[in-house]
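Contents: one structure, followed by commentary.
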Amino acid sequence: MSSAQRSDEGIRVELARGHADAAGINAALVHAGVGVARLEPVRHSLEQRFLEITSRLDADLIPEEVRS
């Protein structure tokens, strides 16, 4: 798992390995007594993906001493 945070819909979890971890996380939640009403992937728009990729590329170009 990469991260988990509360949202208006419940808990949003970003998975490090994509859908491969979803079944395991669901099983762990159910085993812990958490009622899972819905489990669904979130699709990002092409624009969101582009901005994520380009922002990472821009961050790589910033010298280390400026980042800290």
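The chains in the structure tokens are called A, B, ... from first to last as shown; in each chain the residues are counted from 1, and the ligands are counted from 1 in the order shown.
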
Sel. of strand (DSSP E) residues, chain A, as a ChimeraX atom specification:
/A:3-7,10-14

Selection from above, N, CA and C atoms, as a tab-separated table (two decimals), in the first residue's frame, can you write it?
```tsv
chain	number	residue	atom	x	y	z
A	3	SER	N	-0.50	4.66	0.25
A	3	SER	CA	-1.04	5.63	1.22
A	3	SER	C	-2.52	5.36	1.44
A	4	ALA	N	-3.02	5.87	2.56
A	4	ALA	CA	-4.45	5.78	2.88
A	4	ALA	C	-4.85	7.09	3.52
A	5	GLN	N	-6.01	7.60	3.13
A	5	GLN	CA	-6.50	8.84	3.72
A	5	GLN	C	-8.02	8.85	3.71
A	6	ARG	N	-8.60	9.57	4.66
A	6	ARG	CA	-10.05	9.71	4.71
A	6	ARG	C	-10.51	10.64	3.60
A	7	SER	N	-11.68	10.35	3.07
A	7	SER	CA	-12.30	11.23	2.09
A	7	SER	C	-13.79	11.29	2.40
A	10	GLY	N	-15.30	7.83	2.22
A	10	GLY	CA	-14.81	6.78	3.12
A	10	GLY	C	-13.31	6.85	3.25
A	11	ILE	N	-12.64	5.78	2.91
A	11	ILE	CA	-11.18	5.74	2.96
A	11	ILE	C	-10.66	5.51	1.55
A	12	ARG	N	-9.75	6.35	1.13
A	12	ARG	CA	-9.13	6.21	-0.20
A	12	ARG	C	-7.73	5.64	0.00
A	13	VAL	N	-7.47	4.54	-0.66
A	13	VAL	CA	-6.19	3.85	-0.54
A	13	VAL	C	-5.52	3.83	-1.91
A	14	GLU	N	-4.28	4.28	-1.96
A	14	GLU	CA	-3.50	4.17	-3.19
A	14	GLU	C	-2.61	2.94	-3.06
```

Worksheet item: Among chain A, which residues carry a DSSP assignment of alpha helix (DSSP H), reported as a ChimeraX atom specification?
Response: /A:22-31,46-61,64-67

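Between atom CA of Ile53 of chain A and atom CA of Asp21 of chain A lies a distance of 22.7 Å.
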
_Set the distance at 8 Å and use only C-alpha atoms: which residues neighbour Asn26 of chain A once local chain neighbours fewer than 4 positions away are removed? I'd like the list as a VMD selection string._
chain A and resid 22 30 36 39

note - atom CA of Arg38 of chain A and atom CA of Glu52 of chain A are separated by 26.5 Å

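Rounded to one decimal, atom CA of Ala23 of chain A and atom CA of Ser45 of chain A lie 24.1 Å from each other.
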
Of A:Leu57, A:Glu40, A:Arg49, A:Gly24, the one nearest to Glu9 of chain A when counting only C-alpha atoms is A:Glu40
